[in-house]
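Below: data-v5.cif (mmCIF, C-alpha atoms)
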```
data_start
loop_
_atom_site.label_atom_id
_atom_site.label_comp_id
_atom_site.auth_asym_id
_atom_site.auth_seq_id
_atom_site.Cartn_x
_atom_site.Cartn_y
_atom_site.Cartn_z
CA MET A 1 0.00 0.00 0.00
CA GLY A 2 1.33 3.41 -0.99
CA LEU A 3 0.47 6.77 0.51
CA LEU A 4 -1.13 7.87 -2.77
CA ASP A 5 -2.81 4.75 -4.12
CA GLY A 6 -5.52 5.62 -6.64
CA GLN A 7 -4.51 9.27 -6.97
CA VAL A 8 -3.62 11.14 -10.17
CA ALA A 9 -1.06 13.96 -10.18
CA LEU A 10 -0.55 16.64 -12.82
CA ILE A 11 3.04 17.98 -12.94
CA THR A 12 4.44 20.73 -15.15
CA GLY A 13 8.13 20.79 -16.03
CA LEU A 14 7.88 16.99 -16.14
CA ALA A 15 10.80 16.21 -18.44
CA ARG A 16 13.71 16.54 -16.01
CA GLY A 17 14.90 17.98 -12.70
CA GLN A 18 12.39 18.29 -9.88
CA GLY A 19 9.50 17.51 -12.20
CA ARG A 20 10.93 14.07 -12.92
CA THR A 21 11.84 13.27 -9.33
CA HIS A 22 8.40 14.40 -8.13
CA ALA A 23 6.74 12.16 -10.72
CA LEU A 24 8.80 9.14 -9.68
CA ALA A 25 8.31 9.75 -5.97
CA LEU A 26 4.53 10.07 -6.37
CA ALA A 27 4.38 7.04 -8.68
CA ARG A 28 6.26 4.89 -6.15
CA GLU A 29 3.54 5.82 -3.65
CA GLY A 30 0.81 4.67 -6.04
CA ALA A 31 -0.15 7.76 -8.07
CA ASP A 32 -0.63 7.87 -11.83
CA ILE A 33 1.03 10.83 -13.53
CA ILE A 34 0.06 13.28 -16.24
CA GLY A 35 2.32 16.16 -17.07
CA CYS A 36 3.83 18.44 -19.63
CA ASP A 37 6.99 20.18 -20.67
CA LEU A 38 7.72 22.81 -23.30
CA VAL A 39 10.53 20.64 -24.78
CA ALA A 40 11.98 23.63 -26.64
CA ASP A 41 14.52 26.32 -25.90
CA MET A 42 13.53 29.93 -25.24
CA PRO A 43 15.52 32.80 -26.80
CA ALA A 44 15.67 34.73 -23.52
CA VAL A 45 16.92 31.75 -21.49
CA PRO A 46 20.73 31.34 -21.56
CA TYR A 47 20.85 27.57 -21.13
CA ALA A 48 19.39 24.52 -22.88
CA LEU A 49 15.94 23.43 -21.76
CA ALA A 50 14.60 19.88 -21.72
CA GLY A 51 13.93 18.07 -24.98
CA SER A 52 11.51 15.44 -26.22
CA ASP A 53 13.93 12.66 -25.27
CA ASP A 54 13.95 13.89 -21.66
CA LEU A 55 10.16 13.86 -21.52
CA GLU A 56 10.01 10.38 -23.00
CA GLU A 57 12.57 9.17 -20.45
CA THR A 58 10.42 10.46 -17.60
CA ARG A 59 7.42 8.65 -19.04
CA ARG A 60 9.44 5.43 -19.31
CA LEU A 61 10.76 5.68 -15.77
CA VAL A 62 7.30 6.29 -14.31
CA GLU A 63 5.85 3.33 -16.20
CA GLU A 64 8.67 1.15 -14.87
CA THR A 65 7.18 1.69 -11.40
CA GLY A 66 3.95 0.10 -12.63
CA ARG A 67 2.00 3.35 -12.81
CA ARG A 68 0.47 5.06 -15.83
CA CYS A 69 2.01 8.21 -17.31
CA VAL A 70 0.70 10.66 -19.90
CA ALA A 71 3.49 12.99 -21.06
CA VAL A 72 2.50 15.96 -23.23
CA HIS A 73 4.32 18.74 -25.09
CA ALA A 74 2.65 21.91 -23.76
CA ASP A 75 3.46 25.46 -22.64
CA THR A 76 2.11 26.52 -19.25
CA ARG A 77 1.79 30.08 -20.59
CA ASP A 78 -1.02 28.77 -22.80
CA ALA A 79 -4.16 28.72 -20.66
CA ASP A 80 -6.11 26.59 -23.14
CA ALA A 81 -3.33 24.01 -23.16
CA MET A 82 -3.54 23.69 -19.38
CA ILE A 83 -7.32 23.32 -19.51
CA ASP A 84 -6.86 20.56 -22.09
CA LEU A 85 -4.23 18.84 -19.92
CA ALA A 86 -6.48 18.86 -16.86
CA GLY A 87 -9.31 17.47 -18.98
CA ARG A 88 -7.08 14.66 -20.23
CA ALA A 89 -6.25 13.75 -16.63
CA VAL A 90 -9.91 13.06 -15.94
CA ASP A 91 -10.70 11.51 -19.32
CA GLU A 92 -7.65 9.21 -19.56
CA LEU A 93 -6.71 8.54 -15.93
CA GLY A 94 -10.07 8.88 -14.20
CA ARG A 95 -9.59 11.83 -11.89
CA LEU A 96 -7.22 14.62 -10.82
CA ALA A 97 -6.22 14.79 -7.17
CA ILE A 98 -2.85 16.60 -7.09
CA VAL A 99 -1.46 19.48 -9.13
CA ILE A 100 2.20 20.47 -8.98
CA PRO A 101 2.96 23.62 -11.00
CA ASN A 102 6.70 23.12 -11.16
CA ALA A 103 7.83 24.48 -14.55
CA GLY A 104 10.30 27.33 -14.13
CA ILE A 105 13.17 29.11 -15.85
CA TRP A 106 15.58 31.98 -15.22
CA ALA A 107 17.07 34.77 -17.32
CA ALA A 108 19.36 37.11 -15.40
CA ALA A 109 20.27 40.78 -15.71
CA PRO A 110 20.26 43.86 -13.47
CA LEU A 111 16.75 45.31 -13.46
CA ALA A 112 17.93 48.56 -15.05
CA GLU A 113 19.33 46.55 -17.98
CA MET A 114 16.75 43.77 -18.19
CA THR A 115 15.03 43.43 -21.55
CA ASP A 116 11.27 43.24 -21.98
CA GLU A 117 11.73 39.71 -23.29
CA GLN A 118 13.74 38.61 -20.24
CA TRP A 119 11.12 40.05 -17.90
CA ALA A 120 8.09 38.68 -19.71
CA THR A 121 9.50 35.22 -20.41
CA VAL A 122 10.33 34.58 -16.75
CA VAL A 123 7.22 36.15 -15.21
CA ASP A 124 4.88 34.56 -17.75
CA THR A 125 6.40 31.12 -17.19
CA ASN A 126 7.07 31.21 -13.45
CA LEU A 127 3.95 33.07 -12.31
CA THR A 128 1.27 33.16 -15.00
CA GLY A 129 2.08 29.55 -15.85
CA VAL A 130 1.38 28.59 -12.24
CA PHE A 131 -1.92 30.46 -12.31
CA ASN A 132 -2.97 28.86 -15.60
CA THR A 133 -2.07 25.38 -14.33
CA VAL A 134 -3.79 25.64 -10.96
CA ARG A 135 -6.90 27.38 -12.32
CA ALA A 136 -7.37 24.57 -14.83
CA ALA A 137 -6.61 21.74 -12.40
CA VAL A 138 -8.82 22.81 -9.51
CA ARG A 139 -12.01 22.67 -11.58
CA PRO A 140 -12.25 18.86 -11.42
CA MET A 141 -10.96 18.96 -7.84
CA ILE A 142 -13.85 21.22 -6.84
CA ASP A 143 -16.28 18.76 -8.44
CA GLN A 144 -14.61 15.91 -6.50
CA GLY A 145 -14.60 17.81 -3.21
CA SER A 146 -10.89 17.33 -2.51
CA GLY A 147 -7.42 17.99 -3.87
CA ARG A 148 -3.88 19.18 -3.34
CA VAL A 149 -2.05 22.13 -4.87
CA ILE A 150 1.74 22.04 -4.35
CA ALA A 151 3.59 24.87 -6.09
CA THR A 152 7.33 25.25 -6.58
CA ALA A 153 8.42 28.61 -5.19
CA SER A 154 12.03 29.36 -4.16
CA THR A 155 14.23 30.95 -1.54
CA ALA A 156 14.04 33.85 -4.02
CA ALA A 157 10.48 34.24 -2.76
CA ARG A 158 11.87 35.21 0.65
CA ALA A 159 14.24 38.08 -0.20
CA GLY A 160 15.62 40.18 -3.02
CA MET A 161 18.33 38.77 -5.27
CA ALA A 162 20.58 40.89 -7.47
CA ASN A 163 20.30 40.12 -11.21
CA PHE A 164 17.19 37.99 -10.71
CA GLY A 165 14.47 40.60 -10.21
CA ASN A 166 12.10 38.93 -12.67
CA TYR A 167 12.57 35.54 -11.00
CA VAL A 168 12.18 37.03 -7.52
CA ALA A 169 9.00 38.91 -8.44
CA ALA A 170 7.48 35.78 -9.96
CA LYS A 171 8.35 33.53 -7.03
CA TRP A 172 7.03 36.02 -4.47
CA GLY A 173 3.88 36.03 -6.58
CA VAL A 174 3.66 32.24 -6.39
CA ILE A 175 3.42 32.40 -2.61
CA GLY A 176 0.72 35.07 -2.88
CA LEU A 177 -1.21 32.90 -5.33
CA VAL A 178 -0.90 29.86 -3.08
CA LYS A 179 -2.20 31.71 -0.04
CA THR A 180 -5.15 33.08 -2.01
CA PHE A 181 -5.96 29.70 -3.55
CA ALA A 182 -5.81 28.21 -0.05
CA LEU A 183 -8.49 30.62 1.17
CA GLU A 184 -10.73 30.22 -1.85
CA LEU A 185 -10.43 26.44 -2.10
CA ALA A 186 -10.69 25.52 1.59
CA PRO A 187 -14.50 25.13 1.44
CA HIS A 188 -13.93 22.42 -1.18
CA ASN A 189 -11.45 20.50 1.01
CA ILE A 190 -8.56 21.46 -1.30
CA THR A 191 -5.24 22.45 0.26
CA ALA A 192 -2.72 24.77 -1.39
CA ASN A 193 0.92 25.09 -0.35
CA ALA A 194 4.30 26.04 -1.77
CA ILE A 195 7.80 24.68 -1.31
CA CYS A 196 10.77 27.05 -1.25
CA PRO A 197 13.93 25.13 -2.18
CA SER A 198 17.45 26.51 -2.01
CA ALA A 199 20.08 25.58 -4.63
CA VAL A 200 18.86 22.27 -6.06
CA ARG A 201 21.15 19.98 -8.03
CA THR A 202 19.30 20.02 -11.38
CA ASP A 203 20.12 21.03 -14.94
CA MET A 204 18.73 24.48 -14.18
CA MET A 205 21.57 25.06 -11.71
CA PHE A 206 24.15 22.29 -11.88
CA GLU A 207 26.74 22.17 -14.68
CA ASN A 208 25.16 25.37 -16.00
CA GLU A 209 27.92 27.69 -17.17
CA ALA A 210 25.60 30.68 -17.56
CA LEU A 211 24.55 30.46 -13.92
CA TYR A 212 28.07 29.78 -12.70
CA ARG A 213 29.14 33.10 -14.19
CA ILE A 214 26.41 34.87 -12.21
CA PHE A 215 27.58 33.27 -8.96
CA ARG A 216 31.29 33.78 -9.66
CA PRO A 217 31.76 36.90 -11.85
CA ASP A 218 35.32 37.13 -10.50
CA LEU A 219 36.36 34.05 -12.51
CA ASP A 220 36.74 33.69 -16.27
CA THR A 221 35.76 30.01 -16.32
CA PRO A 222 34.06 29.11 -13.03
CA THR A 223 33.72 25.42 -12.27
CA THR A 224 31.23 23.43 -10.25
CA ALA A 225 33.72 23.39 -7.38
CA ASP A 226 33.97 27.21 -7.46
CA VAL A 227 30.22 27.57 -7.24
CA GLU A 228 29.89 24.94 -4.54
CA GLU A 229 32.37 26.94 -2.49
CA THR A 230 30.26 30.07 -2.93
CA ILE A 231 27.00 28.37 -1.99
CA MET A 232 28.56 26.75 1.06
CA ALA A 233 30.08 30.01 2.24
CA ALA A 234 27.25 32.41 1.50
CA ARG A 235 24.05 30.37 1.56
CA HIS A 236 23.88 26.87 2.98
CA LYS A 237 24.70 26.37 6.65
CA LEU A 238 24.50 22.59 6.72
CA PRO A 239 27.60 21.03 5.13
CA THR A 240 26.22 20.56 1.63
CA PRO A 241 26.57 22.71 -1.49
CA TRP A 242 23.31 21.46 -3.01
CA VAL A 243 19.88 20.27 -1.98
CA GLU A 244 19.04 17.16 -3.99
CA ALA A 245 15.84 17.11 -6.02
CA GLN A 246 14.75 13.97 -4.15
CA ASP A 247 14.77 15.95 -0.90
CA ILE A 248 12.17 18.30 -2.38
CA SER A 249 10.17 15.34 -3.68
CA GLU A 250 9.93 13.90 -0.16
CA VAL A 251 8.16 17.10 0.94
CA VAL A 252 5.90 16.92 -2.12
CA VAL A 253 4.83 13.39 -1.20
CA PHE A 254 4.10 14.48 2.36
CA LEU A 255 1.99 17.46 1.25
CA ALA A 256 0.13 15.29 -1.24
CA SER A 257 -0.73 12.69 1.39
CA GLU A 258 -3.39 12.51 4.09
CA LYS A 259 -0.63 13.20 6.62
CA ALA A 260 -0.77 16.86 5.54
CA ARG A 261 -4.54 17.16 5.33
CA TYR A 262 -4.68 20.21 7.62
CA ILE A 263 -1.67 22.04 6.20
CA THR A 264 -2.72 24.77 3.79
CA GLY A 265 -1.79 28.33 2.86
CA THR A 266 1.87 28.00 3.81
CA ALA A 267 5.32 27.77 2.22
CA ILE A 268 7.81 25.18 3.44
CA ASP A 269 11.51 26.10 3.24
CA VAL A 270 14.02 23.39 2.24
CA THR A 271 17.21 25.42 2.45
CA ALA A 272 20.01 23.53 4.23
CA GLY A 273 19.95 26.21 6.91
CA LEU A 274 19.75 29.37 4.79
CA SER A 275 16.35 30.17 6.29
CA ALA A 276 17.98 30.37 9.73
CA THR A 277 19.52 33.67 8.61
CA TRP A 278 16.17 35.32 7.89
CA GLY A 279 14.00 37.29 10.28
CA ALA A 280 11.23 35.37 12.01
#
```
Spell out the structure here as C-alpha cells.
Amino acid sequence: MGLLDGQVALITGLARGQGRTHALALAREGADIIGCDLVADMPAVPYALAGSDDLEETRRLVEETGRRCVAVHADTRDADAMIDLAGRAVDELGRLAIVIPNAGIWAAAPLAEMTDEQWATVVDTNLTGVFNTVRAAVRPMIDQGSGRVIATASTAARAGMANFGNYVAAKWGVIGLVKTFALELAPHNITANAICPSAVRTDMMFENEALYRIFRPDLDTPTTADVEETIMAARHKLPTPWVEAQDISEVVVFLASEKARYITGTAIDVTAGLSATWGA
C-alpha cells in the first residue's frame, strides 16, 4: 500500500529535474502521472531546456514503477493548453487529485538593464504559468470535493536577489497565489501550499555555465567546485553545497498525502539552513 494509491497527479516541467523526481516519488507511492513540458529552448533563457527525449525518459521511468504516465508537449503560458491537460487527466486517468505547478526558468540581468523579453519570459512562465495550471486543475478537484495544490516557489520568494528581479518577483507572486488559492479552495477540502527550495542539483543550476558566471563573476571560467564553495560560504549552513531534487520530492509526497490534510496556505523552506539567517 502506498500513501497515494488511486490518486492522479498533474506535474508541469515533467521532463527533467524536480518535475521528474516528483513524478517518480509520487508514482512509487501509487499515483498515476500526467504532465507536460515545453521541450523547446527559449531565446531569452541562456541555457538549454529539456527536450523530447527527456520527456520520453520520464514517461518510461514512471511506467517502470507500474503506474500510468501521460506525457505531453505543452506550454504553461497557454491557458487553453492547461485546460486541455487537466481534462485529459480526468478523461484518460479517471480523476485529478494533485497538481504540482513546477515548470520554471531563469534569465538574469540587473533590473535597469533587463530586456522586456527577459522580464516577460520569466514572469509569464514562473507566475502566470502557475496560475494557468492551478486554475485549470482545480475545476475537477472542486467537483470531487478534494485535492492538493503544491507549487514550486524558491528561496528567491523570501528576499531580493541581485540580477534575478524577474525571478524574484514571480516567485514572491507564487506564494501570494498559493495563499489566495488556499483561502478560496478551503470550502472544497482542497489544500494549497508552496515549497521554497534553495540551490537544487538540477540542470537548471548544476553544470550550468551561464549560472556559474552569475555566482562567480570574478572568474573567467568558473567550475562546479567554485560555485559549490560560494553556496557553502554564503548560503547553505549545513555542510552541503546542493539540496538534492529527491529531498524536495519527499516534501511533495508528504503534502500530497493525508498526513498533511490540515496544512494549507503555507510555504515550506528546504534550504540547508539558509532560512535560519532570515527574520522570524
Exercise for review: Give me the result of the PyMOL selection byres ((chain A and resi 176) around 12) on this file, residue by residue, as a ChimeraX atom specification.
Suggested key: /A:127,130-131,151,153,157-158,169-175,177-183,192-194,265-267
Practice item. Extract, using only C-alpha atoms, all DNA, RNA and protein residues at most 9 Å from Val253 (chain A), discarding same-chain residues fewer than 6 positions from it, and format them as number ranges by chain. Key: A: 3-4, 22, 25-26, 29
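What the PyMOL selection byres ((chain A and resi 24) around 10) matches in the given file is A:Gln18, A:Gly19, A:Arg20, A:Thr21, A:His22, A:Ala23, A:Ala25, A:Leu26, A:Ala27, A:Arg28, A:Glu29, A:Gly30, A:Ala31, A:Asp32, A:Ile33, A:Thr58, A:Arg59, A:Leu61, A:Val62, A:Glu63, A:Glu64, A:Thr65, A:Arg67, A:Gln246, A:Ser249.
Going from CA of Thr230 (chain A) to CA of Leu274 (chain A) covers 13.1 Å.
If only C-alpha atoms are the atoms counted, then among A:Val200, A:Ala256, A:Met42, A:Ala137 the closest residue to Pro241 (chain A) is A:Val200.
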Identify the residues around (-10.3, 8.1, -7.0) within a radius of 10 Å, measuring from all atoms listed in the file in the coordinates stated by the file, and give them as a PDB file with C-alpha atoms, in the frame of the given file.
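File part-v1.pdb, as written:
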```pdb
ATOM      1  CA  ASP A   5      -2.810   4.750  -4.120  1.00  0.00           C
ATOM      2  CA  GLY A   6      -5.520   5.620  -6.640  1.00  0.00           C
ATOM      3  CA  GLN A   7      -4.510   9.270  -6.970  1.00  0.00           C
ATOM      4  CA  VAL A   8      -3.620  11.140 -10.170  1.00  0.00           C
ATOM      5  CA  LEU A  93      -6.710   8.540 -15.930  1.00  0.00           C
ATOM      6  CA  GLY A  94     -10.070   8.880 -14.200  1.00  0.00           C
ATOM      7  CA  ARG A  95      -9.590  11.830 -11.890  1.00  0.00           C
ATOM      8  CA  LEU A  96      -7.220  14.620 -10.820  1.00  0.00           C
ATOM      9  CA  ALA A  97      -6.220  14.790  -7.170  1.00  0.00           C
ATOM     10  CA  GLN A 144     -14.610  15.910  -6.500  1.00  0.00           C
TER      11      GLN A 144
END
```
I'd like the residues picked by the PyMOL selection byres ((chain A and resi 207) around 12) written out as a compact mmCIF listing (two decimals) with C-alpha atoms, keeping the file's coordinate frame, using the chain letters and numbers from the file.
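So out16.txt came out as:
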```
# COMPACT_ATOMS: atom_id res chain seq x y z
CA TYR A 47 20.85 27.57 -21.13
CA ALA A 48 19.39 24.52 -22.88
CA VAL A 200 18.86 22.27 -6.06
CA ARG A 201 21.15 19.98 -8.03
CA THR A 202 19.30 20.02 -11.38
CA ASP A 203 20.12 21.03 -14.94
CA MET A 204 18.73 24.48 -14.18
CA MET A 205 21.57 25.06 -11.71
CA PHE A 206 24.15 22.29 -11.88
CA ASN A 208 25.16 25.37 -16.00
CA GLU A 209 27.92 27.69 -17.17
CA ALA A 210 25.60 30.68 -17.56
CA LEU A 211 24.55 30.46 -13.92
CA TYR A 212 28.07 29.78 -12.70
CA ARG A 213 29.14 33.10 -14.19
CA PRO A 222 34.06 29.11 -13.03
CA THR A 223 33.72 25.42 -12.27
CA THR A 224 31.23 23.43 -10.25
CA ALA A 225 33.72 23.39 -7.38
CA ASP A 226 33.97 27.21 -7.46
CA VAL A 227 30.22 27.57 -7.24
CA GLU A 228 29.89 24.94 -4.54
```
Generate N, CA and C atoms for region 94-111 of chain A and emit them as a short mmCIF file (atom, residue, chain, number, x, y, z; two decimals), in the frame of the given file.
```
data_model
loop_
_atom_site.label_atom_id
_atom_site.label_comp_id
_atom_site.auth_asym_id
_atom_site.auth_seq_id
_atom_site.Cartn_x
_atom_site.Cartn_y
_atom_site.Cartn_z
N GLY A 94 -8.93 9.08 -15.10
CA GLY A 94 -10.07 8.88 -14.20
C GLY A 94 -10.37 9.98 -13.22
N ARG A 95 -9.37 10.76 -12.85
CA ARG A 95 -9.59 11.83 -11.89
C ARG A 95 -8.35 12.72 -11.85
N LEU A 96 -8.39 13.77 -11.04
CA LEU A 96 -7.22 14.62 -10.82
C LEU A 96 -7.23 15.04 -9.37
N ALA A 97 -6.24 14.57 -8.62
CA ALA A 97 -6.22 14.79 -7.17
C ALA A 97 -5.12 15.74 -6.72
N ILE A 98 -4.04 15.84 -7.50
CA ILE A 98 -2.85 16.60 -7.09
C ILE A 98 -2.36 17.41 -8.27
N VAL A 99 -2.07 18.68 -8.07
CA VAL A 99 -1.46 19.48 -9.13
C VAL A 99 -0.18 20.10 -8.60
N ILE A 100 0.88 19.96 -9.37
CA ILE A 100 2.20 20.47 -8.98
C ILE A 100 2.72 21.37 -10.09
N PRO A 101 2.42 22.68 -10.02
CA PRO A 101 2.96 23.62 -11.00
C PRO A 101 4.43 23.86 -10.70
N ASN A 102 5.27 23.19 -11.45
CA ASN A 102 6.70 23.12 -11.16
C ASN A 102 7.56 23.78 -12.23
N ALA A 103 7.04 23.95 -13.44
CA ALA A 103 7.83 24.48 -14.55
C ALA A 103 8.38 25.86 -14.21
N GLY A 104 9.68 26.04 -14.44
CA GLY A 104 10.30 27.33 -14.13
C GLY A 104 11.60 27.52 -14.89
N ILE A 105 11.94 28.79 -15.12
CA ILE A 105 13.17 29.11 -15.85
C ILE A 105 13.77 30.37 -15.22
N TRP A 106 15.00 30.71 -15.63
CA TRP A 106 15.58 31.98 -15.22
C TRP A 106 16.27 32.63 -16.40
N ALA A 107 16.33 33.96 -16.35
CA ALA A 107 17.07 34.77 -17.32
C ALA A 107 17.53 36.00 -16.56
N ALA A 108 18.83 36.14 -16.36
CA ALA A 108 19.36 37.11 -15.40
C ALA A 108 19.89 38.38 -16.05
N ALA A 109 19.68 39.49 -15.34
CA ALA A 109 20.27 40.78 -15.71
C ALA A 109 19.89 41.76 -14.61
N PRO A 110 20.70 42.81 -14.38
CA PRO A 110 20.26 43.86 -13.47
C PRO A 110 18.94 44.45 -13.97
N LEU A 111 18.06 44.82 -13.05
CA LEU A 111 16.75 45.31 -13.46
C LEU A 111 16.84 46.50 -14.42
#
```
